[in-house]
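*Asks:* See input-v3.txt below, with compact mmCIF, C-alpha atoms.
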```txt
# COMPACT_ATOMS: atom_id res chain seq x y z
CA MET A 25 3.29 -69.44 24.16
CA SER A 26 3.37 -73.23 24.06
CA SER A 27 6.17 -75.09 25.76
CA SER A 28 7.49 -76.53 22.52
CA ASN A 29 7.87 -73.01 21.20
CA GLU A 30 9.81 -72.08 24.29
CA LEU A 31 12.20 -74.95 23.73
CA ASP A 32 12.49 -74.09 20.05
CA LEU A 33 13.10 -70.45 20.87
CA ASN A 34 16.67 -71.01 21.99
CA ALA A 35 17.38 -73.49 19.24
CA TYR A 36 16.05 -71.07 16.65
CA VAL A 37 18.08 -68.14 17.94
CA ASP A 38 21.16 -70.37 18.00
CA GLY A 39 20.47 -71.49 14.42
CA GLU A 40 20.18 -75.11 15.47
CA LEU A 41 16.84 -75.99 13.88
CA SER A 42 16.56 -77.94 10.66
CA ALA A 43 15.07 -76.23 7.61
CA ASP A 44 11.67 -77.84 8.24
CA GLN A 45 11.71 -76.93 11.91
CA GLN A 46 12.73 -73.39 11.02
CA ALA A 47 9.78 -73.04 8.65
CA GLU A 48 7.49 -74.37 11.35
CA PHE A 49 8.92 -71.97 13.88
CA LEU A 50 8.59 -69.00 11.52
CA GLU A 51 4.95 -69.95 11.08
CA ALA A 52 4.51 -69.94 14.86
CA MET A 53 6.19 -66.53 15.08
CA ARG A 54 3.79 -65.18 12.51
CA SER A 55 0.78 -66.03 14.64
CA ASP A 56 2.43 -65.05 17.90
CA PRO A 57 3.87 -61.50 18.05
CA GLU A 58 5.01 -62.11 21.62
CA LEU A 59 7.15 -65.01 20.41
CA ALA A 60 8.59 -62.84 17.63
CA ARG A 61 9.48 -60.20 20.22
CA GLN A 62 11.14 -62.80 22.42
CA VAL A 63 13.22 -64.09 19.51
CA CYS A 64 14.45 -60.59 18.92
CA GLU A 65 15.25 -59.95 22.58
CA LEU A 66 16.90 -63.31 23.14
CA GLY A 67 19.02 -62.81 20.04
CA GLN A 68 20.23 -59.48 21.37
CA LEU A 69 20.80 -60.84 24.86
CA LYS A 70 22.84 -63.76 23.58
CA ALA A 71 24.89 -61.52 21.35
CA GLN A 72 25.59 -59.14 24.25
CA LEU A 73 26.51 -61.96 26.59
CA ARG A 74 28.82 -63.54 24.04
CA LEU A 75 30.65 -60.22 23.90
CA ALA A 76 30.58 -59.59 27.61
CA TYR A 77 31.86 -63.02 28.53
CA ALA A 78 34.61 -63.55 25.98
CA ALA A 79 36.38 -64.67 29.14
CA PRO A 80 34.27 -66.57 31.69
CA PRO A 81 32.97 -64.62 34.70
CA GLN A 82 34.09 -65.40 38.21
CA PRO A 83 31.20 -67.07 39.96
CA ARG A 84 31.13 -68.04 43.60
CA ARG A 85 29.92 -71.34 44.87
CA ARG A 86 27.47 -69.90 47.34
CA VAL A 87 25.05 -69.50 44.45
CA VAL A 88 24.68 -73.26 44.40
CA ALA A 89 23.61 -73.35 48.04
CA ARG A 90 20.69 -71.03 47.38
CA VAL A 91 18.97 -73.23 44.84
CA GLY A 92 16.37 -74.57 47.23
CA SER A 93 15.27 -71.25 48.69
CA SER A 94 14.38 -69.33 45.57
CA TRP A 95 14.10 -71.73 42.70
CA ARG A 96 12.49 -69.33 40.27
CA ALA A 97 15.01 -66.56 40.85
CA VAL A 98 17.86 -68.99 40.47
CA ALA A 99 16.27 -70.49 37.38
CA ALA A 100 16.02 -67.03 35.86
CA GLY A 101 19.57 -66.28 36.92
CA GLY A 102 20.56 -69.69 35.66
CA LEU A 103 19.07 -68.89 32.29
CA LEU A 104 21.13 -65.73 32.08
CA MET A 105 24.24 -67.35 33.44
CA SER A 106 23.90 -70.51 31.42
CA VAL A 107 23.70 -68.57 28.19
CA GLY A 108 26.69 -66.45 29.12
CA VAL A 109 28.77 -69.05 30.85
CA VAL A 110 28.15 -71.86 28.42
CA ALA A 111 28.60 -69.62 25.40
CA GLY A 112 31.69 -68.03 26.86
CA TRP A 113 33.02 -71.33 28.05
CA LEU A 114 32.39 -73.08 24.74
CA MET A 115 33.96 -70.22 22.84
CA SER A 116 37.04 -70.15 25.01
CA GLY A 117 37.04 -73.81 25.99
CA GLU A 118 38.81 -75.11 22.94
CA ASN A 119 41.61 -72.69 23.27
CA GLN A 120 41.58 -71.62 26.87
CA ARG A 121 45.17 -70.54 26.83
CA ASP A 122 44.64 -68.16 23.96
CA ALA A 123 41.59 -66.72 25.67
CA ASP A 124 43.57 -66.13 28.84
CA ASN A 125 46.39 -64.54 26.93
CA ARG A 126 44.06 -62.30 25.01
CA PHE A 127 42.49 -61.11 28.22
CA VAL A 128 45.84 -60.29 29.72
CA VAL A 129 47.36 -58.70 26.66
CA LEU A 130 44.44 -56.43 25.99
CA ASP A 131 43.96 -55.25 29.51
CA PRO A 132 46.38 -55.90 32.34
CA GLN A 133 43.86 -54.36 34.76
CA GLY A 134 41.30 -56.95 33.71
CA ARG A 135 38.89 -54.36 32.49
CA GLY A 136 37.13 -56.43 29.85
CA GLN A 137 37.68 -56.73 26.16
CA ALA A 138 37.63 -53.10 25.03
CA PRO A 139 41.04 -51.49 25.22
CA ALA A 140 41.06 -47.88 26.33
CA THR A 141 41.47 -45.50 23.41
CA ALA A 142 44.06 -42.76 23.31
CA ALA A 143 42.86 -39.17 23.17
CA SER A 144 43.91 -38.84 19.55
CA GLU A 145 41.90 -41.86 18.46
CA GLU A 146 38.51 -41.65 16.84
CA THR A 147 35.52 -42.16 19.12
CA ARG A 148 33.00 -44.47 17.48
CA ILE A 149 29.48 -44.96 18.76
CA VAL A 150 26.73 -47.20 17.45
CA PHE A 151 23.21 -46.42 18.65
CA HIS A 152 20.87 -49.39 18.33
CA LEU A 153 17.36 -48.00 18.04
CA THR A 154 14.64 -50.57 18.77
CA SER A 155 11.91 -48.24 20.01
CA ALA A 156 9.13 -46.96 17.75
CA ASP A 157 8.47 -44.00 20.06
CA PRO A 158 9.07 -40.77 18.07
CA MET A 159 9.90 -38.97 21.34
CA VAL A 160 12.65 -41.46 22.11
CA ALA A 161 14.03 -41.06 18.59
CA GLY A 162 13.78 -37.27 18.85
CA GLU A 163 15.68 -37.26 22.12
CA LEU A 164 18.32 -39.49 20.54
CA LEU A 165 18.71 -37.10 17.58
CA ASP A 166 19.12 -34.17 20.02
CA GLU A 167 21.81 -36.03 21.96
CA VAL A 168 23.58 -37.12 18.78
CA GLU A 169 23.58 -33.55 17.48
CA THR A 170 24.99 -32.26 20.78
CA MET A 171 27.77 -34.86 20.69
CA LEU A 172 28.65 -34.27 17.04
CA SER A 173 28.75 -30.49 17.58
CA ALA A 174 30.91 -30.79 20.70
CA TYR A 175 33.42 -33.10 19.02
CA GLN A 176 33.51 -30.89 15.93
CA ALA A 177 34.14 -27.77 18.01
CA ASP A 178 37.04 -29.51 19.78
CA HIS A 179 38.40 -31.02 16.53
CA ARG A 180 38.08 -34.48 18.01
CA PRO A 181 37.28 -37.29 15.55
CA LEU A 182 33.91 -38.99 16.05
CA ARG A 183 31.80 -41.44 14.08
CA VAL A 184 28.18 -42.14 14.90
CA GLU A 185 25.88 -44.78 13.47
CA VAL A 186 22.18 -45.05 14.24
CA VAL A 187 21.03 -48.60 13.47
CA SER A 188 17.25 -48.85 13.16
CA HIS A 189 16.04 -52.33 13.83
CA SER A 190 12.77 -54.04 14.66
CA GLU A 191 10.26 -51.36 15.76
CA GLY A 192 13.02 -48.79 15.61
CA LEU A 193 12.85 -48.98 11.82
CA ASP A 194 9.92 -46.55 11.97
CA LEU A 195 12.43 -43.70 12.31
CA LEU A 196 13.64 -44.35 8.75
CA ARG A 197 10.31 -45.25 7.14
CA LYS A 198 9.11 -42.56 4.76
CA SER A 199 5.47 -43.00 5.69
CA LEU A 200 5.93 -43.17 9.48
CA THR A 201 8.85 -40.98 10.53
CA VAL A 202 8.28 -37.51 11.91
CA HIS A 203 11.99 -36.77 11.74
CA GLU A 204 12.77 -36.96 8.00
CA GLY A 205 13.70 -33.28 7.69
CA ARG A 206 15.77 -33.38 10.84
CA ILE A 207 17.66 -36.48 9.72
CA HIS A 208 18.35 -34.95 6.31
CA GLU A 209 19.65 -31.78 7.90
CA LEU A 210 21.89 -33.68 10.34
CA ALA A 211 23.21 -36.09 7.70
CA GLY A 212 24.01 -33.11 5.45
CA ARG A 213 25.80 -31.25 8.23
CA PHE A 214 27.77 -34.20 9.60
CA SER A 215 29.45 -36.57 7.16
CA ASN A 216 30.47 -38.69 10.17
CA LEU A 217 26.84 -39.55 10.96
CA THR A 218 25.15 -42.53 9.30
CA PHE A 219 21.61 -43.89 9.51
CA VAL A 220 21.31 -47.61 8.88
CA ALA A 221 18.18 -49.72 8.37
CA CYS A 222 17.98 -53.46 9.06
CA LYS A 223 17.08 -55.48 5.97
CA ASN A 224 15.84 -58.42 8.03
CA THR A 225 13.22 -56.15 9.55
CA ILE A 226 12.24 -54.84 6.12
CA ASP A 227 11.93 -58.40 4.77
CA ARG A 228 9.93 -59.50 7.78
CA LEU A 229 7.44 -56.66 7.31
CA ARG A 230 6.99 -57.70 3.67
CA VAL A 231 6.60 -61.42 4.35
CA GLU A 232 4.45 -61.17 7.46
CA HIS A 233 2.40 -58.06 6.90
CA GLY A 234 2.63 -57.47 3.16
CA ILE A 235 4.21 -54.07 3.79
CA GLU A 236 6.59 -52.73 1.16
CA VAL A 237 8.84 -50.50 3.24
CA LYS A 238 9.97 -47.27 1.66
CA LEU A 239 12.93 -45.68 3.38
CA ILE A 240 13.88 -42.04 3.56
CA PRO A 241 16.77 -41.15 1.19
CA ASP A 242 19.34 -40.71 3.97
CA ALA A 243 18.98 -44.32 5.15
CA GLU A 244 21.49 -47.00 4.25
CA VAL A 245 20.63 -50.68 4.41
CA ILE A 246 22.52 -53.58 6.01
CA ASP A 247 21.48 -57.24 6.11
CA SER A 248 21.11 -57.74 9.84
CA GLY A 249 20.88 -55.04 12.47
CA VAL A 250 21.89 -57.40 15.27
CA SER A 251 24.93 -58.80 13.44
CA HIS A 252 25.95 -55.28 12.53
CA VAL A 253 25.90 -53.90 16.08
CA VAL A 254 27.74 -56.97 17.35
CA ARG A 255 30.39 -56.54 14.65
CA ARG A 256 30.75 -52.87 15.57
CA GLN A 257 31.30 -53.76 19.22
CA LYS A 258 33.96 -56.28 18.24
CA GLU A 259 35.61 -53.51 16.24
CA GLY A 260 35.78 -51.44 19.41
CA TRP A 261 32.76 -49.19 18.92
CA SER A 262 30.82 -48.09 21.98
CA TYR A 263 27.32 -49.51 21.95
CA ILE A 264 24.14 -47.95 23.30
CA ARG A 265 20.68 -49.42 22.87
CA VAL A 266 17.90 -46.90 22.67
CA MET B 20 7.46 -78.73 30.22
CA LYS B 21 8.13 -75.10 30.99
CA ARG B 22 9.54 -76.04 34.35
CA SER B 23 11.78 -78.70 32.94
CA CYS B 24 13.07 -76.26 30.33
CA LEU B 25 14.01 -73.77 33.02
CA LYS B 26 15.43 -76.55 35.13
CA LEU B 27 17.59 -77.75 32.28
CA LEU B 28 18.88 -74.24 31.64
CA ALA B 29 19.51 -73.63 35.31
CA ILE B 30 21.41 -76.89 35.63
CA SER B 31 23.51 -76.16 32.58
CA GLY B 32 24.20 -72.74 34.08
CA LEU B 33 25.26 -74.24 37.39
CA VAL B 34 27.42 -76.82 35.65
CA GLY B 35 28.99 -73.90 33.82
CA LEU B 36 29.53 -72.11 37.12
CA VAL B 37 31.21 -75.07 38.74
CA VAL B 38 33.42 -75.77 35.72
CA CYS B 39 34.42 -72.15 35.40
CA SER B 40 34.98 -71.55 39.10
CA GLY B 41 38.09 -73.69 38.81
CA VAL B 42 39.43 -71.46 36.06
CA ALA B 43 38.62 -68.26 37.92
CA ALA B 44 39.84 -69.31 41.36
CA ALA B 45 41.74 -66.73 43.37
CA ALA B 46 41.11 -63.83 41.00
CA PRO B 47 43.10 -60.81 42.09
CA GLU B 48 41.30 -57.65 43.15
CA SER B 49 42.36 -55.93 39.92
CA ALA B 50 40.42 -58.49 37.87
CA ARG B 51 37.09 -57.09 39.01
CA GLN B 52 34.71 -57.08 36.12
CA LYS B 53 33.38 -53.62 35.26
CA VAL B 54 29.81 -53.45 34.08
CA VAL B 55 27.57 -50.52 33.24
CA TYR B 56 23.79 -50.98 33.29
CA HIS B 57 21.73 -48.59 31.18
CA ILE B 58 18.20 -47.84 32.42
CA SER B 59 16.10 -45.74 30.04
CA ASP B 60 12.71 -47.43 30.11
CA ALA B 61 9.58 -45.61 31.29
CA ASP B 62 7.81 -48.79 32.41
CA PRO B 63 8.04 -49.10 36.24
CA GLU B 64 7.95 -52.88 35.93
CA ARG B 65 10.90 -52.98 33.57
CA GLN B 66 12.77 -50.55 35.81
CA ARG B 67 12.26 -52.86 38.77
CA ALA B 68 13.28 -55.82 36.63
CA ALA B 69 16.54 -54.03 35.86
CA LEU B 70 17.21 -53.67 39.59
CA SER B 71 16.60 -57.42 39.93
CA ASN B 72 19.06 -58.13 37.10
CA ILE B 73 21.74 -56.14 38.91
CA GLN B 74 20.99 -57.87 42.20
CA ASN B 75 21.18 -61.30 40.53
CA HIS B 76 24.41 -60.32 38.82
CA LEU B 77 25.94 -59.45 42.22
CA ASN B 78 24.58 -62.65 43.75
CA ASP B 79 26.07 -64.72 40.95
CA SER B 80 29.47 -63.11 40.66
CA GLY B 81 29.96 -61.78 44.17
CA ASP B 82 30.13 -58.16 45.33
CA ASP B 83 33.93 -58.17 45.31
CA ALA B 84 34.18 -59.47 41.75
CA LEU B 85 32.14 -56.66 40.25
CA GLU B 86 32.25 -52.93 39.81
CA ILE B 87 28.80 -51.78 38.71
CA GLU B 88 27.73 -48.38 37.44
CA VAL B 89 24.10 -47.66 36.61
CA VAL B 90 23.38 -44.86 34.15
CA VAL B 91 19.80 -43.65 34.49
CA GLN B 92 18.79 -41.80 31.36
CA GLY B 93 15.81 -40.86 29.17
CA ASP B 94 12.45 -41.94 30.63
CA GLY B 95 14.44 -44.11 33.04
CA VAL B 96 14.90 -41.08 35.32
CA THR B 97 11.44 -41.77 36.75
CA LEU B 98 13.07 -44.66 38.62
CA LEU B 99 14.58 -42.13 41.00
CA LEU B 100 11.68 -39.67 41.13
CA LEU B 101 9.85 -39.62 44.47
CA PRO B 102 6.13 -40.48 44.30
CA GLY B 103 3.78 -37.50 44.34
CA THR B 104 6.30 -35.15 42.77
CA TYR B 105 5.85 -33.64 39.32
CA PRO B 106 2.24 -34.64 38.59
CA ASP B 107 2.43 -33.12 35.10
CA LEU B 108 5.20 -35.20 33.60
CA PRO B 109 5.00 -35.57 29.81
CA ARG B 110 3.50 -38.73 28.28
CA ASN B 111 1.97 -39.93 31.55
CA LEU B 112 5.34 -40.78 33.04
CA VAL B 113 5.00 -42.00 36.62
CA PRO B 114 7.48 -41.39 39.47
CA ASN B 115 8.67 -44.82 40.55
CA ALA B 116 10.89 -44.29 43.62
CA THR B 117 8.40 -45.98 45.95
CA ASP B 118 9.44 -47.11 49.42
CA GLN B 119 10.11 -50.57 48.06
CA VAL B 120 12.20 -49.31 45.16
CA GLN B 121 14.14 -47.05 47.55
CA ILE B 122 15.03 -50.02 49.73
CA ARG B 123 16.23 -51.99 46.73
CA ILE B 124 18.33 -49.10 45.43
CA GLU B 125 19.78 -48.51 48.87
CA ASN B 126 20.63 -52.19 49.16
CA LEU B 127 22.45 -52.10 45.81
CA LYS B 128 24.37 -48.99 46.87
CA ILE B 129 25.47 -50.70 50.08
CA ARG B 130 26.84 -53.49 47.89
CA GLY B 131 28.92 -50.95 45.96
CA VAL B 132 26.69 -50.09 43.01
CA HIS B 133 26.91 -46.46 41.90
CA PHE B 134 24.01 -44.65 40.22
CA GLU B 135 24.44 -41.77 37.77
CA VAL B 136 21.63 -39.58 36.44
CA CYS B 137 21.52 -37.75 33.10
CA ALA B 138 21.02 -33.99 33.53
CA SER B 139 19.71 -33.38 30.03
CA SER B 140 17.07 -36.11 30.47
CA LEU B 141 15.92 -34.41 33.70
CA LYS B 142 15.85 -30.98 32.09
CA ARG B 143 13.91 -32.20 29.07
CA ARG B 144 11.19 -33.55 31.37
CA GLY B 145 11.02 -30.35 33.42
CA ILE B 146 12.61 -31.96 36.48
CA ASP B 147 14.64 -29.11 37.95
CA ASP B 148 14.78 -30.05 41.63
CA SER B 149 17.20 -32.84 42.43
CA GLY B 150 15.76 -32.80 45.96
CA ARG B 151 12.79 -34.68 44.57
CA LEU B 152 15.01 -37.49 43.39
CA PHE B 153 15.82 -40.34 45.73
CA ASP B 154 19.31 -40.07 47.21
CA VAL B 155 20.87 -38.16 44.30
CA ASP B 156 23.75 -35.77 45.05
CA ALA B 157 25.19 -33.20 42.66
CA ASP B 158 28.07 -35.62 42.13
CA ASP B 159 25.69 -38.25 40.86
CA ILE B 160 24.40 -36.07 38.03
CA VAL B 161 26.25 -36.23 34.71
CA PRO B 162 25.65 -33.72 31.88
CA SER B 163 24.86 -36.40 29.30
CA GLY B 164 23.97 -39.97 30.15
CA LEU B 165 24.79 -41.20 26.65
CA ALA B 166 28.21 -39.54 26.67
CA GLU B 167 28.79 -41.12 30.09
CA LEU B 168 27.92 -44.55 28.66
CA VAL B 169 30.53 -44.01 25.94
CA ARG B 170 33.11 -42.83 28.48
CA LEU B 171 32.55 -45.84 30.71
CA GLN B 172 32.82 -48.29 27.80
CA HIS B 173 36.13 -46.67 26.84
CA ALA B 174 37.21 -47.17 30.45
CA GLY B 175 36.62 -50.91 30.06
CA PHE B 176 33.05 -51.26 31.30
CA THR B 177 30.87 -53.88 29.63
CA TYR B 178 27.53 -52.44 28.56
CA ILE B 179 24.30 -54.17 29.53
CA LYS B 180 20.84 -52.90 28.72
CA PRO B 181 18.35 -55.00 30.68
```
Please, can you express the file's structure as structure tokens?
*Replies:*
Amino acid sequence: MSSSNELDLNAYVDGELSADQQAEFLEAMRSDPELARQVCELGQLKAQLRLAYAAPPQPRRRVVARVGSSWRAVAAGGLLMSVGVVAGWLMSGENQRDADNRFVVLDPQGRGQAPATAASEETRIVFHLTSADPMVAGELLDEVETMLSAYQADHRPLRVEVVSHSEGLDLLRKSLTVHEGRIHELAGRFSNLTFVACKNTIDRLRVEHGIEVKLIPDAEVIDSGVSHVVRRQKEGWSYIRV
Amino acid sequence: MKRSCLKLLAISGLVGLVVCSGVAAAAPESARQKVVYHISDADPERQRAALSNIQNHLNDSGDDALEIEVVVQGDGVTLLLLPGTYPDLPRNLVPNATDQVQIRIENLKIRGVHFEVCASSLKRRGIDDSGRLFDVDADDIVPSGLAELVRLQHAGFTYIKP
């Protein structure tokens, strides 16, 4: 990957490129699958960090002293921290007092942004499937079935969404999935289970590879898999990437 | 160019650290951030990278500022499998608890990191002897890793999948 691409990578993920630059970058992604993968991963990482660091973390100054000894490790750490800290700081910077209050109000023990749910409340889980491996998907379906059955037996409310995104879309593609029957059976048995396909991925396959994706009938479609899972986390859903 | 990009990011990160350290000064013990790392990848390199992420996280935030759980699940269980055991694992999975990995895990445990292993992932891969896992007690094995990830998030842990 060229260095200009690397610089553009962050700008692209942050939506900071002009229309022309975006077109240029998309062209580069088309000829560089590794770059496309990195865009996807960086997008997810940034989204996760934005969530994780709604309030800034508590760093210690000794990190600064170690810069000389292991520059690469610190640079890598710096990348991670800078995304999180700067994003978190910018988000909370304008209204620091509100951010502090929110942190305190939601969780006096300082346990992060997700308030604990009472036993009577519905458990909501979004599984973000990004692996094309049918074994991984099969194992996920087994686990989901076990969970749904257990909650049903105990009369505890549960909602599960499986969001298929990037390579994970294969699970819901008519021509590629080995689990169509299984999904149909599960979706029929459990009304609280939803399978969701990412439209961005579908569009990308059409534009870049000329593939017209046909989904299995039990799949629903949303615009962006990443935005969707981030929204779900903000709504208090548990998130697991598979 | 690549170097300067990293440098720029690192500097912005450090500036962020310094700016924020004022805000976060004298955090009480109860404000420890809870984080759960999910390891489910079969690739030994990615497993080791995850250990590095956790180590960096501790270095950055400080051992006392963090409470870290690691849920090892799916193909990720090979991280804790001793080399030479189970030669017939499905899909060419490779035990990855080499001497070096053991040292790194031990080091994380000393710093307060707790590892949990998914029983159903072990069972599915025919791993029935926890004695062949590195430093795993009965207490460290949870029935379902995914259910444990949900439980921890409900208990206020932030989820990170390296």
*Asks:* So which one's closest to Tyr56 (chain B), A:Tyr175, A:Tyr263, A:Phe219, A:Phe151? Using all atoms listed in the file, please.
*Replies:*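 That would be A:Tyr263, the residue with the smallest distance to Tyr56 (chain B).
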*Asks:* If I take CA of Asp118 (chain B) and CA of Leu101 (chain B), how far is one from the other in Å, to one decimal?
*Replies:*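 Straight-line distance from CA of Asp118 (chain B) to CA of Leu101 (chain B) works out to 9.0 Å.
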*Asks:* Of the candidates B:Val54, B:Pro102, B:Leu141, B:Ile87, which shows the shortest atom-to-atom distance to Ile129 (chain B), using only C-alpha atoms?
*Replies:*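 Closest residue, counting only C-alpha atoms: B:Ile87.
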*Asks:* From the set A:Asp247, A:Glu191, A:Glu167, A:Glu236, which residue has the shortest atom-to-atom contact distance to chain B, counting all atoms listed in the file?
*Replies:* A:Glu167
*Asks:* Around the point (28.1, -40.2, 41.5) in the file's coordinates, collect all residues with an atom within 6 Å, using only C-alpha atoms, and return them as a PDB file with C-alpha atoms, in the coordinates of the input.
*Replies:*
```
ATOM      1  CA  GLU B 135      24.440 -41.770  37.770  1.00  0.00           C
ATOM      2  CA  ASP B 158      28.070 -35.620  42.130  1.00  0.00           C
ATOM      3  CA  ASP B 159      25.690 -38.250  40.860  1.00  0.00           C
TER       4      ASP B 159
END
```
*Asks:* Have a look at B:Gln92, B:Thr117, B:Thr104, B:Asn126 and name the one nearest to Pro162 (chain B); count all atoms listed in the file.
*Replies:*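 Nearest candidate to Pro162 (chain B) out of B:Gln92, B:Thr117, B:Thr104, B:Asn126: B:Gln92.
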*Asks:* Would you mind reading off the distance between CA of Leu153 (chain A) and CA of Arg265 (chain A), one decimal, in Å?
*Replies:*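 Taking CA of Leu153 (chain A) as the start and CA of Arg265 (chain A) as the end point, the length is 6.0 Å.
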*Asks:* Hey, which of B:Pro181, B:Gly131, B:Gly103, B:Pro114 ends up closest to chain A? Count all atoms listed in the file.
*Replies:*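 With all atoms listed in the file as the atom set, the closest residue is B:Pro181.
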*Asks:* Write out as a list in words each polymer residue whose atoms come within 9 Å of Ser59 (chain B), counting all atoms listed in the file; drop sequence neighbours fewer than 6 positions from it.
*Replies:*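 The filter keeps Val266 of chain A; Gln66, Val90, Val91, Gln92, Gly93, Asp94, Gly95, Val96 and Lys180 of chain B.
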*Asks:* For Ser163 (chain B), which of B:Asp79, B:Pro106, B:Phe176, B:Ser140 is the closest residue, counting only C-alpha atoms?
*Replies:* B:Ser140
*Asks:* What does the distance from CA of Ala174 (chain A) to CA of Gly260 (chain A) come to in Å, to one decimal?
*Replies:*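 Computing it gives 21.3 Å between the two atoms.
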*Asks:* If I only have part of region 92-103 of chain B, can you fill in N, CA, C and O atoms and write it as a compact mmCIF listing (two decimals), in the frame of the given file?
*Replies:*
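result.txt written:
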```txt
# COMPACT_ATOMS: atom_id res chain seq x y z
N GLN B 92 18.84 -42.76 32.46
CA GLN B 92 18.79 -41.80 31.36
C GLN B 92 17.44 -41.89 30.66
O GLN B 92 16.72 -42.88 30.82
N GLY B 93 17.08 -40.85 29.89
CA GLY B 93 15.81 -40.86 29.17
C GLY B 93 14.64 -40.99 30.15
O GLY B 93 14.69 -40.47 31.26
N ASP B 94 13.62 -41.74 29.75
CA ASP B 94 12.45 -41.94 30.63
C ASP B 94 12.82 -42.71 31.89
O ASP B 94 12.05 -42.73 32.85
N GLY B 95 13.99 -43.35 31.88
CA GLY B 95 14.44 -44.11 33.04
C GLY B 95 14.60 -43.26 34.28
O GLY B 95 14.64 -43.79 35.40
N VAL B 96 14.70 -41.94 34.14
CA VAL B 96 14.90 -41.08 35.32
C VAL B 96 13.73 -41.18 36.30
O VAL B 96 13.89 -40.87 37.48
N THR B 97 12.58 -41.64 35.82
CA THR B 97 11.44 -41.77 36.75
C THR B 97 11.72 -42.80 37.84
O THR B 97 11.07 -42.78 38.87
N LEU B 98 12.69 -43.68 37.59
CA LEU B 98 13.07 -44.66 38.62
C LEU B 98 13.44 -43.98 39.93
O LEU B 98 13.18 -44.51 41.01
N LEU B 99 14.05 -42.79 39.81
CA LEU B 99 14.58 -42.13 41.00
C LEU B 99 13.69 -40.99 41.49
O LEU B 99 14.00 -40.29 42.44
N LEU B 100 12.57 -40.79 40.79
CA LEU B 100 11.68 -39.67 41.13
C LEU B 100 10.71 -40.10 42.24
O LEU B 100 10.03 -41.12 42.14
N LEU B 101 10.68 -39.27 43.31
CA LEU B 101 9.85 -39.62 44.47
C LEU B 101 8.36 -39.53 44.11
O LEU B 101 7.94 -38.61 43.40
N PRO B 102 7.56 -40.47 44.60
CA PRO B 102 6.13 -40.48 44.30
C PRO B 102 5.47 -39.18 44.75
O PRO B 102 5.85 -38.61 45.76
N GLY B 103 4.49 -38.71 43.98
CA GLY B 103 3.78 -37.50 44.34
C GLY B 103 4.42 -36.23 43.81
O GLY B 103 3.81 -35.17 43.83
```
